[in-house]
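Let me begin by presenting the structure, written as structure tokens, before commenting on it.
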Amino acid sequence: MLSRWPDSWHRRAHACRRLPTPYARGKDLFSGNPKLMSLFLITGGCGFIGSHLCAALVGRGDKVRVLDDLSTGSEANLVPGAELIVGDVGNPATVCAAMEGVDGCVHLAAIASVERGVRDWLGTHRVNLSGSIAVLDAARLRRVPVVYASSAAIYGDQVNLPIAESAPKRPLSAYGADKLGCEQHALVAGVVHGTPTLGLRFFNVFGPRQDPRSPYSGVISIFCDRFSQGGDVDIFGDGEQTRDFVFVSDVVAALLAGLKAASTEAPVLNVCTGRPISVRHLAETVAAVCGRSATIQYGSPRAGEIRHSLGDPHRSRAVLGLGEPRGLREGLEEVVAWLRAGRPGLRATGGSAQPIGA
Ligand code: NAD
Ligand code: UD1
């Protein structure tokens, strides 16, 4: 089902009022009582992480409504059976209408590129922070709990590793500053308006359906694409910088568990593995998975680059009851299988998280 900026939604949005009974529709999320079927609003549900989350929700029998402007996401990634509203999360009326009747919201829509924030500070701010406030405001009016994507980018460069949630926040980018702003407005949503939230600080997420050809792609999708096509890879700097690469199914597990952990105290949790991987080791492992020797060109480091990013997963594992994260090599094999299958969208695989040929 597809709606494109329908006037009727704007008219209905004017009638956006507080619901009379507190959390009438979403109460099962807090009591923990099983409910036969819930309806979730997923902003950014046609994107990389969002499409995996939607597939998991539909797969367990829930209903999904997606709000996405298809700027980096694709309709080919809409999970079969979901409702799609093509619209801007920065438009409060659209968001309020999309929130109608839902039991919970997972807010993932964002311009997820640190580099774009450098070039278009105000434009990315409008989506990444004002859009998030629009979601929190609509959730307040509709009495809906919100789980939202924060980022490891809020930490900036840290001396003490691994980084626990209590570490000082020193974002070094507009993107990171806006994500920190989301966390602070989530606290306002809880304290002032009684809206339950949970923020999840994703570290470097990877998996199938992360577009390798976008100029803002993550390093894993770029390396897997290049090596599986027989090409070389570029490493920015000496390759000894490290990242905490977390597979997308582990992120989905955190989001699903997080739907029961939202509270008016506005908790925030890391989503990471606690395992540091250097970019050089990554290149060698990807090459091995592709059955090749690693051909690497070394260039200048990226400006403003964080040297080491490593999360402490203990708190989120305890709060969300998460198991051992997927191993790097196993995850890389799934990405390469997806690329070799011709990068199918979610629709082409019938809504299954598994790529064709995997
Ligand atoms: P993505 O670009 O694949 O997904 C973002 C989705 O939001 C896309 O479908 C896009 O079309 C949509 N969108 C963008 N602007 C919009 C707007 N104005 N209105 C409506 N929809 C809009 O990125 P992703 O990697 O799936 O990221 C999902 C979330 O996770 C983002 O909030 C991102 O900041 C966060 N995050 C991602 C990573 C990572 O490593 N991928 C790490 C930390 C945080
Ligand atoms: C990533 C996310 C960002 C998120 C952050 C959280 C992407 C595109 N960005 O930023 O949204 O908030 O993690 O931790 O997923 N590199 C190369 N060669 C390449 C590409 C990259 O050497 O061709 C290096 C980079 O210099 C960097 C590392 O690989 O050292 C990771 O880069 P990248 O995947 O772009 O992610 P981050 O910048 O860490």
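Letters for chains follow the order of the structure tokens (A, B, ...), residue numbers begin at 1 for each chain, and ligand numbers begin at 1 in the order shown.
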Exercise for the section: Show which residues sit within 6 Å of Val205 in chain A, as a list of chain:residue names. Count only C-alpha atoms, and ignore same-chain residues fewer than 4 positions away. Expected result: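 Selected residues are A:Phe245, A:Val246, A:Phe247, A:Val248.
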Would you list the contacts of range 215-223 of chain A as a PDB file with N, CA and C atoms, in the first residue's frame, taking every protein, DNA or RNA residue within 7 Å and counting only C-alpha atoms, but skipping same-chain residues closer than 5 positions in sequence?
```pdb
ATOM      1  N   SER A 113      25.058  10.094   6.984  1.00  0.00           N
ATOM      2  CA  SER A 113      26.432  10.276   6.518  1.00  0.00           C
ATOM      3  C   SER A 113      27.108  11.425   7.250  1.00  0.00           C
ATOM      4  N   PHE A 206      26.993  -3.273   9.604  1.00  0.00           N
ATOM      5  CA  PHE A 206      27.203  -3.787   8.249  1.00  0.00           C
ATOM      6  C   PHE A 206      26.259  -4.948   7.979  1.00  0.00           C
ATOM      7  N   GLN A 210      23.284  -2.795   2.412  1.00  0.00           N
ATOM      8  CA  GLN A 210      23.977  -1.517   2.613  1.00  0.00           C
ATOM      9  C   GLN A 210      24.586  -1.185   1.252  1.00  0.00           C
ATOM     10  N   VAL A 233      41.331  -2.062  -3.170  1.00  0.00           N
ATOM     11  CA  VAL A 233      40.666  -1.150  -2.226  1.00  0.00           C
ATOM     12  C   VAL A 233      41.633  -0.038  -1.824  1.00  0.00           C
ATOM     13  N   ALA A 283      40.387  -5.474   5.485  1.00  0.00           N
ATOM     14  CA  ALA A 283      40.646  -5.639   4.044  1.00  0.00           C
ATOM     15  C   ALA A 283      41.161  -7.049   3.758  1.00  0.00           C
ATOM     16  N   VAL A 286      38.238  -9.584   4.128  1.00  0.00           N
ATOM     17  CA  VAL A 286      37.290  -9.515   3.006  1.00  0.00           C
ATOM     18  C   VAL A 286      37.914 -10.182   1.777  1.00  0.00           C
TER      19      VAL A 286
END
```
Counting only C-alpha atoms and all ligand atoms, which residues of chain A sit at most 6 Å from some atom of ligand 1, and what is each one's closest atom pair with its distance in Å to one decimal, listed by chain and rising residue number, as a tab-separated table?
```
residue	atom	partner	partner_atom_place_in_ligand_line	distance
A:Gly44	CA	ligand 1	7 (O)	3.5
A:Gly45	CA	ligand 1	9 (O)	5.8
A:Cys46	CA	ligand 1	9 (O)	4.2
A:Gly47	CA	ligand 1	9 (O)	3.2
A:Phe48	CA	ligand 1	26 (O)	3.8
A:Ile49	CA	ligand 1	26 (O)	3.8
A:Gly50	CA	ligand 1	26 (O)	5.6
A:Leu67	CA	ligand 1	20 (C)	5.9
A:Asp68	CA	ligand 1	21 (N)	3.6
A:Asp69	CA	ligand 1	20 (C)	4.1
A:Leu70	CA	ligand 1	11 (O)	3.7
A:Ser71	CA	ligand 1	11 (O)	3.9
A:Thr72	CA	ligand 1	11 (O)	4.0
A:Gly73	CA	ligand 1	9 (O)	3.1
A:Gly87	CA	ligand 1	20 (C)	5.7
A:Asp88	CA	ligand 1	19 (N)	3.5
A:Val89	CA	ligand 1	19 (N)	3.9
A:Gly90	CA	ligand 1	18 (N)	5.6
A:Leu108	CA	ligand 1	32 (O)	4.2
A:Ala109	CA	ligand 1	7 (O)	3.4
A:Ala110	CA	ligand 1	32 (O)	4.4
A:Ile111	CA	ligand 1	14 (C)	5.1
A:Ala112	CA	ligand 1	34 (O)	3.9
A:Val127	CA	ligand 1	18 (N)	5.0
A:Ala149	CA	ligand 1	32 (O)	4.8
A:Ser150	CA	ligand 1	44 (C)	5.6
A:Ser151	CA	ligand 1	43 (C)	4.1
A:Phe202	CA	ligand 1	43 (C)	4.3
A:Phe203	CA	ligand 1	42 (C)	5.2
A:Asn204	CA	ligand 1	40 (O)	3.9
A:Val205	CA	ligand 1	40 (O)	3.8
```
Practice task
Would you mind telling me which residue in A:Ser316, A:Thr94, A:Thr349, A:Gln297 lies nearest to ligand 2 when using only C-alpha atoms and all ligand atoms?
Solution key: A:Gln297
Practice task
Based on DSSP run over this structure's backbone, return all residues of range 68-296 of chain A in strand (DSSP E or B), as a PyMOL selection string.
Solution key: chain A and resi 68+83-86+104-107+146-151+163+197-202+204-206+233-236+242-243+245-247+263+268-271+277-278+296
Using N, CA and C atoms, can you write the selected residues to a file as a compact mmCIF listing (two decimals), in the first residue's frame?
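Generated file (result_1.txt):
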```txt
# COMPACT_ATOMS: atom_id res chain seq x y z
N ASP A 68 9.08 7.09 4.79
CA ASP A 68 10.41 7.21 4.19
C ASP A 68 10.30 8.13 2.99
N GLU A 83 2.76 -1.00 4.81
CA GLU A 83 2.18 0.22 4.24
C GLU A 83 3.32 1.23 4.11
N LEU A 84 3.39 1.92 2.97
CA LEU A 84 4.45 2.91 2.78
C LEU A 84 3.86 4.30 2.62
N ILE A 85 4.32 5.23 3.43
CA ILE A 85 4.00 6.64 3.25
C ILE A 85 5.28 7.30 2.77
N VAL A 86 5.26 7.80 1.55
CA VAL A 86 6.45 8.50 1.05
C VAL A 86 6.33 9.94 1.53
N GLY A 104 3.82 1.47 18.60
CA GLY A 104 5.20 1.86 18.89
C GLY A 104 5.85 2.41 17.64
N CYS A 105 6.90 3.21 17.84
CA CYS A 105 7.61 3.79 16.70
C CYS A 105 9.10 3.51 16.84
N VAL A 106 9.71 3.09 15.73
CA VAL A 106 11.18 3.01 15.68
C VAL A 106 11.62 4.06 14.67
N HIS A 107 12.38 5.02 15.17
CA HIS A 107 12.77 6.17 14.35
C HIS A 107 14.20 5.97 13.84
N VAL A 146 8.86 5.47 21.74
CA VAL A 146 9.78 5.62 20.60
C VAL A 146 11.14 5.00 20.92
N VAL A 147 11.60 4.14 20.03
CA VAL A 147 12.99 3.68 20.05
C VAL A 147 13.67 4.36 18.87
N TYR A 148 14.82 4.98 19.09
CA TYR A 148 15.43 5.75 18.00
C TYR A 148 16.92 5.43 17.87
N ALA A 149 17.43 5.68 16.65
CA ALA A 149 18.84 5.42 16.37
C ALA A 149 19.68 6.62 16.78
N SER A 150 20.56 6.40 17.76
CA SER A 150 21.63 7.35 18.02
C SER A 150 22.88 6.77 17.37
N SER A 151 24.04 7.21 17.75
CA SER A 151 25.25 6.76 17.06
C SER A 151 26.47 6.84 17.96
N ILE A 163 34.40 2.04 25.06
CA ILE A 163 33.61 3.21 25.47
C ILE A 163 32.30 2.75 26.11
N THR A 197 11.01 6.50 25.86
CA THR A 197 11.93 6.37 24.72
C THR A 197 13.09 5.45 25.09
N LEU A 198 13.80 5.03 24.07
CA LEU A 198 15.09 4.35 24.24
C LEU A 198 15.96 4.76 23.07
N GLY A 199 17.18 5.20 23.34
CA GLY A 199 18.14 5.54 22.29
C GLY A 199 19.18 4.44 22.17
N LEU A 200 19.46 4.02 20.95
CA LEU A 200 20.47 2.98 20.73
C LEU A 200 21.62 3.59 19.94
N ARG A 201 22.81 3.56 20.56
CA ARG A 201 23.99 4.13 19.92
C ARG A 201 24.66 3.04 19.08
N PHE A 202 24.30 3.02 17.78
CA PHE A 202 24.89 2.02 16.90
C PHE A 202 26.35 2.38 16.64
N ASN A 204 29.59 0.70 14.05
CA ASN A 204 29.61 0.58 12.58
C ASN A 204 28.81 -0.64 12.13
N VAL A 205 27.64 -0.38 11.60
CA VAL A 205 26.73 -1.47 11.23
C VAL A 205 27.05 -1.94 9.82
N PHE A 206 26.99 -3.27 9.60
CA PHE A 206 27.20 -3.79 8.25
C PHE A 206 26.26 -4.95 7.98
N VAL A 233 41.33 -2.06 -3.17
CA VAL A 233 40.67 -1.15 -2.23
C VAL A 233 41.63 -0.04 -1.82
N ASP A 234 41.04 1.08 -1.40
CA ASP A 234 41.81 2.21 -0.88
C ASP A 234 41.64 2.23 0.63
N ILE A 235 42.79 2.37 1.32
CA ILE A 235 42.71 2.57 2.77
C ILE A 235 43.16 4.00 3.05
N PHE A 236 42.32 4.72 3.81
CA PHE A 236 42.64 6.10 4.16
C PHE A 236 43.49 6.08 5.43
N THR A 242 40.88 1.52 14.13
CA THR A 242 39.99 0.38 14.42
C THR A 242 38.53 0.83 14.55
N ARG A 243 37.65 -0.12 14.24
CA ARG A 243 36.22 0.10 14.37
C ARG A 243 35.58 -1.13 15.02
N PHE A 245 32.63 -3.33 14.35
CA PHE A 245 31.67 -3.63 13.29
C PHE A 245 30.60 -4.58 13.80
N VAL A 246 29.36 -4.13 13.77
CA VAL A 246 28.26 -4.93 14.31
C VAL A 246 27.32 -5.32 13.16
N PHE A 247 27.00 -6.62 13.12
CA PHE A 247 26.18 -7.13 12.01
C PHE A 247 24.73 -6.69 12.20
N SER A 263 11.55 3.87 28.26
CA SER A 263 11.00 4.38 29.52
C SER A 263 11.11 5.91 29.54
N VAL A 268 19.77 5.21 27.25
CA VAL A 268 20.53 5.07 26.00
C VAL A 268 21.52 3.93 26.17
N LEU A 269 21.69 3.14 25.13
CA LEU A 269 22.55 1.95 25.21
C LEU A 269 23.41 1.84 23.96
N ASN A 270 24.63 1.32 24.14
CA ASN A 270 25.49 1.01 23.00
C ASN A 270 24.96 -0.22 22.26
N VAL A 271 25.14 -0.23 20.95
CA VAL A 271 24.90 -1.45 20.17
C VAL A 271 26.21 -1.73 19.43
N ILE A 277 38.44 -4.13 15.30
CA ILE A 277 38.95 -4.66 14.03
C ILE A 277 39.66 -3.51 13.30
N SER A 278 40.93 -3.73 12.93
CA SER A 278 41.61 -2.66 12.19
C SER A 278 41.14 -2.71 10.73
N ILE A 296 45.92 -3.48 -1.91
CA ILE A 296 45.51 -2.29 -1.15
C ILE A 296 46.34 -1.09 -1.59
```
Exercise for the section: Quote the spacing between CA of Asp225 in chain A and CA of Pro212 in chain A in Å to one decimal place. Expected result: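 Going from CA of Asp225 in chain A over to CA of Pro212 in chain A covers 6.3 Å.
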Practice task
Run DSSP on the backbone of this structure and report the residues of range 6-181 of chain A it assigns to helix (DSSP H, G or I), as a PyMOL selection string.
Solution key: chain A and resi 7-14+27-31+48-59+75-77+92-98+114-119+121-142+152-154+174-181
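Here CA of Ser300 in chain A stands at a distance of 9.3 Å from atom 22 (O, counted along the ligand's line) of ligand 2.
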Exercise for the section: Pick out the residues sitting within 12 Å of Leu339 in chain A, and hand them over as number ranges by chain; count only C-alpha atoms, and ignore anything fewer than 5 positions along from it in its own chain. Expected result: A: 207-213, 220-229, 290, 332-334, 344-345, 355-358
Handout entry: Separation of CA of Val102 in chain A from CA of Val144 in chain A, in Å and rounded to one decimal
Key =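 CA of Val144 in chain A lies at a distance of 7.1 Å from CA of Val102 in chain A.
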Fill in the blank from the handout: Residue with the minimum atom-to-atom distance to ligand 2, picked from A:Gly274, A:Gly239, A:Gly323, A:Pro145 with only C-alpha atoms and all ligand atoms counted, is A:Gly239
Exercise for the section: Choose the residue, out of A:Ala294, A:Val114, A:Cys96, A:Ala337, that has the smallest atom-to-atom separation from ligand 2; count only C-alpha atoms and all ligand atoms. Expected result: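 That would be A:Val114, the residue with the smallest distance to ligand 2.
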Handout entry: Counting only C-alpha atoms and all ligand atoms, the residue of A:Gly61, A:Pro80, A:Gly237, A:Gly117 that sits nearest ligand 2
Key =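 Among the listed residues, the smallest separation from ligand 2 belongs to A:Gly237.
If you count only C-alpha atoms and ignore residues fewer than 6 places along the chain from Arg170 in chain A, what sits within 7 Å of it is Ile154, Tyr155 and Gly156 of chain A.
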Once you have the residues from the selection above, write them out as a compact mmCIF listing (two decimals), in the first residue's frame, restricted to C-alpha atoms.
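Saved file result03.txt follows:
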```txt
# COMPACT_ATOMS: atom_id res chain seq x y z
CA ILE A 154 28.28 11.19 19.83
CA TYR A 155 31.46 10.02 21.63
CA GLY A 156 34.02 11.55 19.28
```
